[in-house]
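Colleague: Contents of query.cif (mmCIF, C-alpha atoms):
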```cif
data_entry
loop_
_atom_site.label_atom_id
_atom_site.label_comp_id
_atom_site.auth_asym_id
_atom_site.auth_seq_id
_atom_site.Cartn_x
_atom_site.Cartn_y
_atom_site.Cartn_z
CA MET A 20 -42.62 277.88 -145.73
CA LYS A 21 -39.26 278.37 -144.02
CA GLU A 22 -36.23 279.04 -146.20
CA ILE A 23 -34.54 275.77 -145.22
CA GLU A 24 -37.60 273.82 -146.37
CA LYS A 25 -37.55 275.61 -149.74
CA VAL A 26 -33.85 274.83 -150.11
CA LYS A 27 -34.40 271.15 -149.30
CA GLU A 28 -37.25 270.92 -151.82
CA THR A 29 -35.01 272.43 -154.50
CA VAL A 30 -32.14 270.10 -153.60
CA ALA A 31 -34.47 267.10 -153.88
CA PHE A 32 -35.69 268.31 -157.29
CA LEU A 33 -32.15 268.80 -158.62
CA THR A 34 -30.97 265.47 -157.24
CA ASN A 35 -33.87 263.81 -159.03
CA LYS A 36 -32.66 265.50 -162.24
CA GLY A 37 -29.32 263.73 -161.87
CA ILE A 38 -27.31 266.47 -160.16
CA GLU A 39 -25.25 264.72 -157.52
CA SER A 40 -21.98 265.34 -155.66
CA PRO A 41 -20.75 268.52 -157.40
CA SER A 42 -17.43 269.56 -155.91
CA VAL A 43 -17.23 273.20 -157.04
CA GLY A 44 -19.89 275.87 -157.39
CA ILE A 45 -19.33 278.75 -159.83
CA ILE A 46 -21.32 281.99 -160.12
CA LEU A 47 -20.83 283.80 -163.43
CA GLY A 48 -21.40 287.54 -163.47
CA THR A 49 -22.40 290.14 -166.04
CA GLY A 50 -20.95 289.41 -169.48
CA LEU A 51 -18.95 286.46 -168.16
CA GLY A 52 -21.26 283.58 -169.01
CA SER A 53 -19.18 281.97 -171.75
CA LEU A 54 -17.07 280.07 -169.20
CA ALA A 55 -20.01 277.68 -169.39
CA ASP A 56 -18.87 276.81 -172.93
CA HIS A 57 -15.85 275.06 -171.38
CA ILE A 58 -18.01 272.80 -169.20
CA GLU A 59 -18.85 269.33 -170.48
CA VAL A 60 -22.56 269.57 -169.77
CA ILE A 61 -24.41 266.70 -168.12
CA CYS A 62 -27.55 268.66 -167.28
CA SER A 63 -28.72 272.23 -167.94
CA LEU A 64 -31.85 273.73 -166.40
CA ASP A 65 -33.51 277.10 -166.88
CA TYR A 66 -34.09 278.91 -163.60
CA THR A 67 -37.77 279.07 -164.54
CA ASP A 68 -37.93 275.27 -164.24
CA ILE A 69 -36.34 275.03 -160.79
CA PRO A 70 -38.65 275.21 -157.75
CA HIS A 71 -38.23 278.32 -155.58
CA PHE A 72 -35.46 279.75 -157.78
CA PRO A 73 -35.77 283.47 -158.47
CA LEU A 74 -35.81 284.53 -162.12
CA ALA A 75 -32.97 286.41 -163.81
CA THR A 76 -34.75 289.57 -164.95
CA ILE A 77 -31.75 291.23 -166.63
CA GLU A 78 -31.55 290.55 -170.34
CA PHE A 79 -27.79 289.92 -170.34
CA HIS A 80 -28.05 287.28 -167.60
CA GLN A 81 -29.01 284.01 -169.24
CA GLY A 82 -30.60 282.27 -166.27
CA LYS A 83 -29.32 278.68 -166.48
CA LEU A 84 -28.00 276.23 -163.91
CA ILE A 85 -25.37 274.05 -165.55
CA TYR A 86 -24.09 270.76 -164.12
CA GLY A 87 -21.14 269.05 -165.74
CA THR A 88 -17.40 268.48 -165.66
CA LEU A 89 -14.63 271.05 -165.90
CA GLU A 90 -11.00 269.95 -165.71
CA GLY A 91 -12.14 266.55 -164.48
CA LYS A 92 -14.23 267.95 -161.59
CA LYS A 93 -17.98 267.97 -161.20
CA VAL A 94 -19.11 271.60 -161.18
CA LEU A 95 -22.40 273.41 -160.76
CA ALA A 96 -22.39 276.78 -162.52
CA MET A 97 -24.89 279.61 -162.38
CA GLN A 98 -25.01 281.34 -165.76
CA GLY A 99 -26.61 284.52 -164.49
CA ARG A 100 -27.18 285.63 -160.90
CA PHE A 101 -29.70 287.62 -158.89
CA HIS A 102 -29.38 291.16 -157.55
CA TYR A 103 -30.98 293.25 -154.82
CA TYR A 104 -31.84 295.92 -157.41
CA GLU A 105 -34.08 293.45 -159.26
CA GLY A 106 -36.46 293.63 -156.32
CA TYR A 107 -35.34 290.48 -154.51
CA ASN A 108 -34.51 290.32 -150.84
CA LEU A 109 -31.08 288.99 -149.99
CA ALA A 110 -32.41 285.61 -148.84
CA GLN A 111 -33.59 285.15 -152.44
CA VAL A 112 -30.28 286.41 -153.82
CA VAL A 113 -28.29 283.80 -151.87
CA PHE A 114 -30.83 280.98 -152.27
CA PRO A 115 -28.71 279.23 -154.96
CA VAL A 116 -25.62 279.31 -152.73
CA ARG A 117 -27.52 277.51 -150.01
CA VAL A 118 -28.83 275.00 -152.54
CA MET A 119 -25.34 274.33 -153.93
CA ALA A 120 -23.98 273.88 -150.42
CA LEU A 121 -26.62 271.30 -149.52
CA LEU A 122 -25.93 269.53 -152.83
CA GLY A 123 -22.37 269.06 -151.60
CA ILE A 124 -20.05 271.64 -153.15
CA SER A 125 -16.86 272.13 -151.14
CA GLN A 126 -15.67 275.39 -152.76
CA LEU A 127 -17.41 278.40 -154.33
CA ILE A 128 -15.92 280.60 -157.06
CA VAL A 129 -17.65 283.91 -157.75
CA SER A 130 -17.10 286.37 -160.59
CA ASN A 131 -18.56 289.78 -161.32
CA ALA A 132 -18.18 292.89 -163.43
CA GLY A 133 -17.27 296.00 -161.44
CA GLY A 134 -16.36 299.64 -161.74
CA ASN A 135 -12.67 300.45 -161.28
CA LEU A 136 -11.94 303.07 -158.61
CA ASN A 137 -8.16 302.55 -158.52
CA THR A 138 -6.37 304.99 -160.83
CA ASP A 139 -3.34 302.66 -161.05
CA TRP A 140 -5.50 300.09 -162.86
CA LYS A 141 -7.39 300.09 -166.16
CA LYS A 142 -10.66 298.65 -167.36
CA GLY A 143 -10.31 295.20 -168.88
CA GLN A 144 -8.05 294.02 -166.04
CA ILE A 145 -9.09 291.59 -163.29
CA MET A 146 -9.04 292.10 -159.52
CA LEU A 147 -8.80 289.33 -156.95
CA ILE A 148 -11.05 290.34 -154.06
CA ASN A 149 -9.25 290.11 -150.73
CA ASP A 150 -11.85 291.99 -148.68
CA HIS A 151 -15.11 293.86 -149.09
CA ILE A 152 -17.25 296.71 -147.80
CA ASN A 153 -20.98 296.01 -147.61
CA LEU A 154 -23.14 299.08 -148.36
CA LEU A 155 -26.26 297.09 -149.21
CA PRO A 156 -29.30 298.00 -147.06
CA ASP A 157 -30.06 294.37 -146.18
CA ASN A 158 -28.29 291.21 -145.05
CA PRO A 159 -28.90 287.59 -146.12
CA LEU A 160 -28.59 286.45 -142.50
CA ARG A 161 -31.51 288.61 -141.34
CA GLY A 162 -34.81 286.90 -140.53
CA ASN A 163 -36.83 284.10 -142.15
CA GLY A 164 -35.02 281.19 -140.56
CA ALA A 165 -31.49 282.22 -141.53
CA ALA A 166 -30.21 280.57 -138.35
CA ASP A 167 -31.12 277.19 -139.87
CA PHE A 168 -28.04 277.57 -142.10
CA GLY A 169 -25.55 278.24 -139.30
CA ASN A 170 -24.36 280.86 -136.85
CA LEU A 171 -25.94 284.26 -137.52
CA PHE A 172 -22.98 286.14 -136.05
CA VAL A 173 -20.50 285.00 -138.66
CA ASP A 174 -16.90 286.09 -138.24
CA MET A 175 -15.90 288.03 -141.37
CA ALA A 176 -12.28 288.78 -140.50
CA GLN A 177 -11.16 286.74 -143.52
CA PRO A 178 -14.17 286.12 -145.78
CA TYR A 179 -12.13 285.14 -148.86
CA ASN A 180 -10.31 281.84 -148.49
CA PRO A 181 -6.51 282.36 -148.27
CA SER A 182 -5.67 279.04 -149.91
CA LEU A 183 -7.91 279.68 -152.92
CA ASN A 184 -6.55 283.22 -153.24
CA ASN A 185 -2.96 281.98 -153.09
CA GLN A 186 -3.65 279.48 -155.85
CA LEU A 187 -5.18 282.20 -158.02
CA ARG A 188 -2.10 284.38 -157.51
CA GLU A 189 0.12 281.47 -158.54
CA ILE A 190 -1.98 280.71 -161.63
CA ALA A 191 -1.85 284.35 -162.69
CA ARG A 192 1.95 284.40 -162.36
CA GLU A 193 2.35 281.17 -164.32
CA HIS A 194 0.15 282.41 -167.19
CA GLY A 195 1.34 286.02 -167.30
CA ILE A 196 -2.07 287.39 -166.31
CA ARG A 197 -2.14 290.72 -164.53
CA LEU A 198 -4.13 290.10 -161.36
CA ASN A 199 -4.78 293.18 -159.28
CA GLU A 200 -5.84 292.70 -155.69
CA GLY A 201 -8.05 294.80 -153.47
CA VAL A 202 -11.36 295.70 -151.86
CA TYR A 203 -14.79 295.30 -153.48
CA THR A 204 -17.70 297.45 -152.34
CA ALA A 205 -21.29 296.37 -152.89
CA VAL A 206 -23.97 299.02 -153.45
CA SER A 207 -27.64 298.54 -154.23
CA GLY A 208 -27.78 300.00 -157.78
CA PRO A 209 -29.03 299.86 -160.43
CA ASN A 210 -27.86 303.39 -161.24
CA LEU A 211 -24.15 304.07 -161.49
CA GLU A 212 -22.51 306.45 -159.05
CA THR A 213 -22.06 310.22 -159.02
CA ARG A 214 -18.62 311.85 -158.91
CA ALA A 215 -19.11 312.59 -155.22
CA GLU A 216 -20.06 308.96 -154.53
CA TYR A 217 -16.95 307.70 -156.35
CA ARG A 218 -14.80 310.03 -154.22
CA TYR A 219 -16.51 308.78 -151.08
CA LEU A 220 -15.97 305.13 -152.03
CA ARG A 221 -12.29 305.73 -152.71
CA ARG A 222 -11.87 307.49 -149.36
CA ILE A 223 -13.38 304.59 -147.42
CA GLY A 224 -10.95 302.14 -149.05
CA ALA A 225 -12.74 300.69 -152.06
CA ASP A 226 -10.89 299.64 -155.22
CA VAL A 227 -13.92 298.35 -157.14
CA VAL A 228 -17.63 299.02 -156.86
CA GLY A 229 -20.42 296.67 -157.93
CA MET A 230 -23.92 295.45 -157.18
CA SER A 231 -23.40 291.79 -156.26
CA THR A 232 -21.11 289.16 -154.72
CA VAL A 233 -21.05 290.32 -151.09
CA PRO A 234 -24.37 288.63 -150.16
CA GLU A 235 -23.21 285.34 -151.68
CA VAL A 236 -19.90 285.57 -149.81
CA ILE A 237 -21.65 286.25 -146.51
CA ALA A 238 -23.92 283.24 -147.07
CA ALA A 239 -20.95 281.05 -147.99
CA ASN A 240 -19.12 282.03 -144.82
CA GLN A 241 -22.16 281.21 -142.71
CA LEU A 242 -22.13 277.76 -144.34
CA SER A 243 -18.36 277.39 -143.70
CA LEU A 244 -17.93 277.15 -147.47
CA PRO A 245 -14.51 278.32 -148.77
CA VAL A 246 -15.06 281.09 -151.31
CA CYS A 247 -12.98 283.26 -153.64
CA ALA A 248 -14.08 286.03 -155.98
CA LEU A 249 -12.79 287.82 -159.08
CA SER A 250 -13.92 291.17 -160.51
CA VAL A 251 -13.52 292.11 -164.16
CA LEU A 252 -12.97 295.88 -164.27
CA THR A 253 -15.43 297.00 -166.92
CA ASP A 254 -15.27 300.80 -166.59
CA ASP A 255 -12.95 303.40 -165.08
CA CYS A 256 -14.59 305.40 -162.29
CA ASP A 257 -12.18 308.33 -161.92
CA PRO A 258 -14.36 311.21 -160.69
CA ASP A 259 -11.95 313.80 -162.09
CA HIS A 260 -12.07 312.31 -165.61
CA LEU A 261 -15.49 310.70 -165.66
CA GLU A 262 -17.07 309.78 -168.97
CA PRO A 263 -20.62 308.52 -169.54
CA VAL A 264 -20.80 304.72 -169.46
CA ASN A 265 -23.17 302.52 -171.40
CA ILE A 266 -24.03 298.88 -170.77
CA ALA A 267 -22.91 297.81 -174.25
CA ASP A 268 -19.39 299.07 -173.51
CA ILE A 269 -19.36 297.30 -170.13
CA LEU A 270 -20.38 294.01 -171.73
CA HIS A 271 -17.77 294.43 -174.49
CA THR A 272 -15.02 295.01 -171.93
CA ALA A 273 -16.14 292.00 -169.90
CA LYS A 274 -15.96 289.81 -172.99
CA LYS A 275 -12.41 290.98 -173.80
CA ALA A 276 -11.24 290.05 -170.30
CA GLU A 277 -13.08 286.78 -170.25
CA LYS A 278 -10.26 284.69 -171.77
CA ASP A 279 -8.09 285.44 -168.74
CA LEU A 280 -10.95 284.75 -166.38
CA VAL A 281 -11.52 281.37 -168.04
CA VAL A 282 -7.85 280.46 -167.49
CA LEU A 283 -7.94 281.52 -163.84
CA VAL A 284 -11.15 279.65 -163.01
CA SER A 285 -10.39 276.53 -165.06
CA GLU A 286 -6.90 276.17 -163.60
CA LEU A 287 -8.21 276.74 -160.09
CA VAL A 288 -10.84 274.03 -160.55
CA LYS A 289 -8.12 271.68 -161.76
CA ARG A 290 -6.03 272.25 -158.63
CA ILE A 291 -8.66 272.08 -155.90
#
```
Once you've parsed the file, please lay out its structure as structure tokens.

Modeller:
Amino acid sequence: MKEIEKVKETVAFLTNKGIESPSVGIILGTGLGSLADHIEVICSLDYTDIPHFPLATIEFHQGKLIYGTLEGKKVLAMQGRFHYYEGYNLAQVVFPVRVMALLGISQLIVSNAGGNLNTDWKKGQIMLINDHINLLPDNPLRGNGAADFGNLFVDMAQPYNPSLNNQLREIAREHGIRLNEGVYTAVSGPNLETRAEYRYLRRIGADVVGMSTVPEVIAANQLSLPVCALSVLTDDCDPDHLEPVNIADILHTAKKAEKDLVVLVSELVKRI
């Protein structure tokens, strides 16, 4: 079955469940799922119950699709996402973005947890992504009917929507939230990087490193879907002062930063 046919089947299933005309799609990253607590839920579905949806195999990704209202807008939120390192190809990773687009969302907001490569910043802060470097060994626009979703040769000169980014900057100023801004680099994972790899990433222009987001942004751009993305800096990746990192510490840091992320996303939804 072609990918577009799978997407249409999933859209029909979700529509039949009462999900109709969402205006904003939201993807919640590692440790950032509690934004869903601020959504007035109309319908919540486990990924396991949705046709053709991959399964969230990571224990700290809850695996729910939530439809409801946030700041008076209909939103569709993924509480848990999919990663290349889980064994999925990138068509599977971006499958929910394509589904949300066909359901009618007009903007996509993405969040993630990432490693901080910029020595002027500290873990627990948030970075607005204004560009990215793709080091994943695959592309969501490769093969299996990807052309059914739009032009394969997508222009990526400005993948993050300037209007959405400007609004996030304004919200951060109004609420006294420190919002760093820079370049996100996607790697395959799941292991963290060596000192030499951190030095390499810094030299090629990366401010934050992570294992997600870029495929979803590529897919959104193919669909002409305005997208913005925020990284919570969960660990400091200074190769000259590198300390062992554990997942529990990363999740704890993500939770501490989440209150600011909730403000940024909620206010953005209100304004768009």

Colleague: Neighbours of range 189-199 of chain A within 6 Å (only C-alpha atoms; same-chain residues fewer than 3 positions away dropped), as an mmCIF file with C-alpha atoms, keeping the file's coordinate frame?

Modeller:
```cif
data_model
loop_
_atom_site.group_PDB
_atom_site.id
_atom_site.type_symbol
_atom_site.label_atom_id
_atom_site.label_comp_id
_atom_site.auth_asym_id
_atom_site.auth_seq_id
_atom_site.Cartn_x
_atom_site.Cartn_y
_atom_site.Cartn_z
ATOM 1 C CA ILE A 145 -9.090 291.590 -163.290
ATOM 2 C CA MET A 146 -9.040 292.100 -159.520
ATOM 3 C CA GLN A 186 -3.650 279.480 -155.850
#
```

Colleague: As a PyMOL selection string, please: the residues near Lys27 in chain A (cut-off 12 Å, only C-alpha atoms, same-chain neighbours under 2 positions excluded).

Modeller: chain A and resi 20-25+29-34+70-71+114-115+117-122+167-168

Colleague: If the PyMOL selection byres ((chain A and resi 91-105) around 8) is run on the structure shown, which residues does it catch, given as a PyMOL selection string?

Modeller: chain A and resi 40-49+52+55+73-76+80-90+106-109+111-112+119+207-209+230-231+288-289

Colleague: Emit as lines of an AutoDock Vina configuration file the padded axis-aligned box for all listed atoms of range 259-277 of chain A, 3 Å per side, with centre and edge lengths in Å to one decimal.

Modeller:
```
center_x = -17.6
center_y = 300.3
center_z = -168.3
size_x = 18.8
size_y = 33.0
size_z = 18.4
```

Colleague: Hey, can you check how far CA of Val202 in chain A sits from CA of Gln241 in chain A?

Modeller: 20.3 Å

Colleague: Could you tell me how far CA of Gly134 in chain A sits from CA of Gly229 in chain A, in Å to one decimal place?

Modeller: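 Spanning CA of Gly229 in chain A to CA of Gly134 in chain A is a straight-line distance of 6.3 Å.
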
Colleague: Would you compute the distance between CA of Tyr179 in chain A and CA of Glu277 in chain A? Give it in Å to one decimal.

Modeller: 21.5 Å

Colleague: Taking 6 positions as the minimum chain separation for residues in the same chain, which residues sit within 9 Å of range 170-178 of chain A when counting all atoms listed in the file? Answer as a PyMOL selection string.

Modeller: chain A and resi 149-151+160-161+236-237+239-242+245-247

Colleague: What would the selection look like, as a ChimeraX atom specification, if the PyMOL selection byres ((chain A and resi 250-262) around 7) were run on the coordinates I just shared?

Modeller: /A:130-136,138,141-147,214,217-218,248-249,263-264,269,272-273,276
